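A.B. asks: Questions regarding the structure given below will be posed in turn.
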Amino acid sequence: MQIVKMSVGSLALALLAATGCVSQSRYDRLATEYSSELQARRQLEDELGRHQGQLGDLSAQLREKDEAYSSLSASSQQDKNRIAELQKALDEAQKSFPVDDAADGVELFRTDSGFGYRIADALLFDPGSSDLRENGKKALVTIAREITEKGYRNIRIDGHTDSDPVVRTRAKYPLGNHELAIERALAVFSVLTKEGKVPESSFTLVGFGPNSPMGPGNTDAAKAKNRRVEIHVAVPKKS
């Protein structure tokens, strides 16, 4: 037995034509209307398919945005935790050198990876010299104690000078400010490792000389700020 599949519209038109209930002109009109409706239906189906495809694309984009947002949220929280971690390390180090004592020559400051000690050369050295003063040694031993207690093992010592040429001690430092800067960094390194007992492998030394001033200006006050040694301490991230 053969089964013939036919749409309802087609069947209706066929029956009307077969029974002779309508004129040929009415039949033709109905056939045209049916064809138009069928075409409109197909267009709607095509449009629906396009919208479904667009909806799928938008859903995929939304999922990507959600994943990116989640990643940013996690990263933001990690950054907040890291900032709090660094601030805590700075606060603990600050206890050895209260803010009120910054004028005495030791200033603490935050860095991207930890914190630093900024020590004025007036506390550490005589003008044009790399020989440490006793008060400077005491400050460095205090710093070494903090480094040792916390187990910091990534430390950089930066030697800085002003832009005035070395004159009085030129014979000792023939290479000028750069040599003086690195000799001062070495003097600080010597105290931190020998008297402070910090492992030598923890350190990197840099002599900036006059090339990294605190700010513009050629006044005595500006030059005094530029003459300094900085000890940068990297605080390891907690696992």
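Residues in the structure tokens are numbered from 1 in each chain, the chains being A, B, ... in the order shown, and ligands are numbered from 1 in the order shown.
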From a DSSP calculation on the backbone, collect every residue of stretch 48-122 of chain A in strand (DSSP E) and output the set as a ChimeraX atom specification.
C.D. replies: /A:106-110,114-120
A.B. asks: Emit the selected residues as an mmCIF file, in the first residue's frame, including N, CA and C atoms.
C.D. replies:
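Listing of again_31.cif after writing:
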```cif
data_model
loop_
_atom_site.group_PDB
_atom_site.id
_atom_site.type_symbol
_atom_site.label_atom_id
_atom_site.label_comp_id
_atom_site.auth_asym_id
_atom_site.auth_seq_id
_atom_site.Cartn_x
_atom_site.Cartn_y
_atom_site.Cartn_z
ATOM 1 N N VAL A 106 66.553 57.424 58.382
ATOM 2 C CA VAL A 106 66.009 56.173 57.850
ATOM 3 C C VAL A 106 64.532 56.369 57.538
ATOM 4 N N GLU A 107 64.191 56.116 56.308
ATOM 5 C CA GLU A 107 62.790 56.240 55.861
ATOM 6 C C GLU A 107 62.375 54.939 55.186
ATOM 7 N N LEU A 108 61.203 54.425 55.542
ATOM 8 C CA LEU A 108 60.696 53.212 54.908
ATOM 9 C C LEU A 108 59.636 53.570 53.882
ATOM 10 N N PHE A 109 59.572 52.779 52.811
ATOM 11 C CA PHE A 109 58.599 53.052 51.755
ATOM 12 C C PHE A 109 58.180 51.746 51.087
ATOM 13 N N ARG A 110 57.013 51.763 50.499
ATOM 14 C CA ARG A 110 56.483 50.592 49.802
ATOM 15 C C ARG A 110 57.041 50.520 48.390
ATOM 16 N N GLY A 114 57.693 44.717 47.522
ATOM 17 C CA GLY A 114 57.932 44.636 48.952
ATOM 18 C C GLY A 114 58.021 46.006 49.582
ATOM 19 N N PHE A 115 59.188 46.304 50.165
ATOM 20 C CA PHE A 115 59.390 47.611 50.785
ATOM 21 C C PHE A 115 60.869 47.940 50.734
ATOM 22 N N GLY A 116 61.175 49.172 51.088
ATOM 23 C CA GLY A 116 62.566 49.583 51.046
ATOM 24 C C GLY A 116 62.932 50.489 52.203
ATOM 25 N N TYR A 117 64.222 50.521 52.507
ATOM 26 C CA TYR A 117 64.790 51.451 53.471
ATOM 27 C C TYR A 117 65.562 52.504 52.680
ATOM 28 N N ARG A 118 65.252 53.762 52.913
ATOM 29 C CA ARG A 118 66.008 54.853 52.286
ATOM 30 C C ARG A 118 66.822 55.518 53.391
ATOM 31 N N ILE A 119 68.150 55.423 53.254
ATOM 32 C CA ILE A 119 69.041 55.899 54.312
ATOM 33 C C ILE A 119 69.866 57.064 53.780
ATOM 34 N N ALA A 120 69.747 58.201 54.440
ATOM 35 C CA ALA A 120 70.494 59.384 54.020
ATOM 36 C C ALA A 120 71.983 59.176 54.235
#
```
A.B. asks: Using DSSP secondary structure from the backbone, list all alpha helix (DSSP H) positions within stretch 53-108 of chain A, as an NGL selection string.
C.D. replies: :A and (53-94)
A.B. asks: Go ahead and write the residues just picked, N, CA and C atoms, as a short mmCIF file (atom, residue, chain, number, x, y, z; two decimals), in the first residue's frame.
C.D. replies:
```cif
data_model
loop_
_atom_site.label_atom_id
_atom_site.label_comp_id
_atom_site.auth_asym_id
_atom_site.auth_seq_id
_atom_site.Cartn_x
_atom_site.Cartn_y
_atom_site.Cartn_z
N GLY A 53 20.84 31.09 15.36
CA GLY A 53 22.29 31.10 15.22
C GLY A 53 22.91 32.29 15.94
N GLN A 54 22.28 33.48 15.78
CA GLN A 54 22.76 34.67 16.47
C GLN A 54 22.67 34.50 17.98
N LEU A 55 21.57 33.87 18.42
CA LEU A 55 21.40 33.63 19.85
C LEU A 55 22.50 32.72 20.37
N GLY A 56 22.84 31.70 19.56
CA GLY A 56 23.93 30.82 19.96
C GLY A 56 25.25 31.57 20.07
N ASP A 57 25.51 32.47 19.09
CA ASP A 57 26.74 33.26 19.12
C ASP A 57 26.77 34.17 20.34
N LEU A 58 25.63 34.83 20.61
CA LEU A 58 25.55 35.72 21.76
C LEU A 58 25.73 34.96 23.07
N SER A 59 25.18 33.75 23.13
CA SER A 59 25.33 32.93 24.33
C SER A 59 26.80 32.57 24.54
N ALA A 60 27.49 32.26 23.44
CA ALA A 60 28.92 31.94 23.54
C ALA A 60 29.71 33.15 24.00
N GLN A 61 29.36 34.33 23.45
CA GLN A 61 30.04 35.56 23.87
C GLN A 61 29.78 35.85 25.34
N LEU A 62 28.55 35.61 25.77
CA LEU A 62 28.19 35.84 27.17
C LEU A 62 29.00 34.92 28.08
N ARG A 63 29.17 33.66 27.67
CA ARG A 63 29.96 32.73 28.46
C ARG A 63 31.41 33.20 28.56
N GLU A 64 31.94 33.72 27.43
CA GLU A 64 33.32 34.22 27.43
C GLU A 64 33.45 35.42 28.37
N LYS A 65 32.44 36.31 28.33
CA LYS A 65 32.47 37.48 29.22
C LYS A 65 32.40 37.05 30.68
N ASP A 66 31.55 36.06 30.96
CA ASP A 66 31.44 35.56 32.33
C ASP A 66 32.76 34.98 32.81
N GLU A 67 33.43 34.22 31.92
CA GLU A 67 34.72 33.63 32.28
C GLU A 67 35.76 34.73 32.51
N ALA A 68 35.74 35.76 31.63
CA ALA A 68 36.70 36.86 31.78
C ALA A 68 36.45 37.62 33.08
N TYR A 69 35.16 37.83 33.39
CA TYR A 69 34.82 38.52 34.63
C TYR A 69 35.27 37.73 35.85
N SER A 70 35.05 36.42 35.80
CA SER A 70 35.47 35.58 36.92
C SER A 70 36.97 35.63 37.10
N SER A 71 37.69 35.61 35.96
CA SER A 71 39.15 35.66 36.02
C SER A 71 39.62 37.00 36.59
N LEU A 72 38.97 38.11 36.15
CA LEU A 72 39.34 39.43 36.65
C LEU A 72 39.03 39.55 38.14
N SER A 73 37.90 38.99 38.54
CA SER A 73 37.52 39.05 39.96
C SER A 73 38.55 38.32 40.81
N ALA A 74 38.96 37.13 40.32
CA ALA A 74 39.97 36.36 41.06
C ALA A 74 41.29 37.11 41.11
N SER A 75 41.67 37.71 39.97
CA SER A 75 42.92 38.46 39.91
C SER A 75 42.87 39.67 40.83
N SER A 76 41.71 40.34 40.84
CA SER A 76 41.54 41.52 41.70
C SER A 76 41.68 41.14 43.17
N GLN A 77 41.10 40.01 43.54
CA GLN A 77 41.20 39.57 44.93
C GLN A 77 42.64 39.21 45.28
N GLN A 78 43.35 38.59 44.32
CA GLN A 78 44.75 38.26 44.55
C GLN A 78 45.58 39.53 44.74
N ASP A 79 45.26 40.56 43.92
CA ASP A 79 45.98 41.83 44.05
C ASP A 79 45.71 42.46 45.41
N LYS A 80 44.46 42.42 45.85
CA LYS A 80 44.12 42.98 47.17
C LYS A 80 44.86 42.24 48.27
N ASN A 81 44.90 40.93 48.15
CA ASN A 81 45.61 40.14 49.16
C ASN A 81 47.10 40.46 49.17
N ARG A 82 47.66 40.64 47.96
CA ARG A 82 49.08 40.95 47.86
C ARG A 82 49.39 42.32 48.45
N ILE A 83 48.55 43.30 48.17
CA ILE A 83 48.75 44.64 48.72
C ILE A 83 48.71 44.60 50.25
N ALA A 84 47.73 43.85 50.77
CA ALA A 84 47.63 43.73 52.23
C ALA A 84 48.87 43.04 52.80
N GLU A 85 49.38 42.07 52.07
CA GLU A 85 50.58 41.33 52.49
C GLU A 85 51.79 42.26 52.55
N LEU A 86 51.94 43.09 51.50
CA LEU A 86 53.08 44.01 51.46
C LEU A 86 52.95 45.10 52.52
N GLN A 87 51.73 45.57 52.73
CA GLN A 87 51.53 46.60 53.75
C GLN A 87 51.85 46.07 55.14
N LYS A 88 51.48 44.82 55.38
CA LYS A 88 51.78 44.20 56.68
C LYS A 88 53.29 44.10 56.88
N ALA A 89 54.01 43.70 55.83
CA ALA A 89 55.47 43.59 55.93
C ALA A 89 56.09 44.95 56.21
N LEU A 90 55.57 45.99 55.55
CA LEU A 90 56.09 47.34 55.77
C LEU A 90 55.80 47.80 57.20
N ASP A 91 54.59 47.56 57.66
CA ASP A 91 54.21 47.97 59.02
C ASP A 91 55.10 47.30 60.07
N GLU A 92 55.40 46.02 59.84
CA GLU A 92 56.25 45.31 60.80
C GLU A 92 57.68 45.84 60.78
N ALA A 93 58.17 46.14 59.58
CA ALA A 93 59.52 46.70 59.49
C ALA A 93 59.57 48.10 60.08
N GLN A 94 58.47 48.84 59.94
CA GLN A 94 58.41 50.21 60.43
C GLN A 94 58.57 50.30 61.95
#
```
A.B. asks: Pick from A:Pro199, A:Asp162, A:Asn135, A:Asp46: nearest to A:Thr219, with only C-alpha atoms counted?
C.D. replies: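 Distance minimum relative to A:Thr219 lands on A:Asp162.
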A.B. asks: Of the residues A:Glu195, A:Arg145, A:Gly136, A:Gly176, which is the one nearest to A:Val229, using only C-alpha atoms?
C.D. replies: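 Closest candidate: A:Gly136.
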A.B. asks: Using atom CA of A:Glu134 and atom CA of A:Asn218 as the two end points, give the distance in Å to one decimal.
C.D. replies: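 Distance between the two atoms: 29.3 Å.
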A.B. asks: What gap, in Å, lies between atom CA of A:Gly196 and atom CA of A:Leu175?
C.D. replies: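 That distance, rounded to one decimal, is 29.5 Å.
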A.B. asks: Please, what distance in Å, to one decimal, runs between atom CA of A:Asp164 and atom CA of A:Gly217?
C.D. replies: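 Rounded to one decimal, the two atoms are 12.5 Å apart.
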A.B. asks: Identify, on the basis of only C-alpha atoms, every residue whose closest approach to A:Ser163 does not exceed 7 Å; exclude the query and any residue fewer than 2 positions from it along the same chain; express the result as a ChimeraX atom specification.
C.D. replies: /A:161,165,210
A.B. asks: Please produce an output containing C-alpha atoms for each residue in the selection, written as a compact mmCIF listing (two decimals), in the first residue's frame.
C.D. replies:
```
# COMPACT_ATOMS: atom_id res chain seq x y z
CA THR A 161 75.04 60.29 44.89
CA PRO A 165 81.77 65.81 40.95
CA PRO A 210 73.82 60.62 40.14
```
A.B. asks: Which residue out of A:Ser129, A:Ser96, A:Ser35, A:Ser201 has the minimum interatomic distance to A:Glu146 when only C-alpha atoms are used?
C.D. replies: A:Ser96
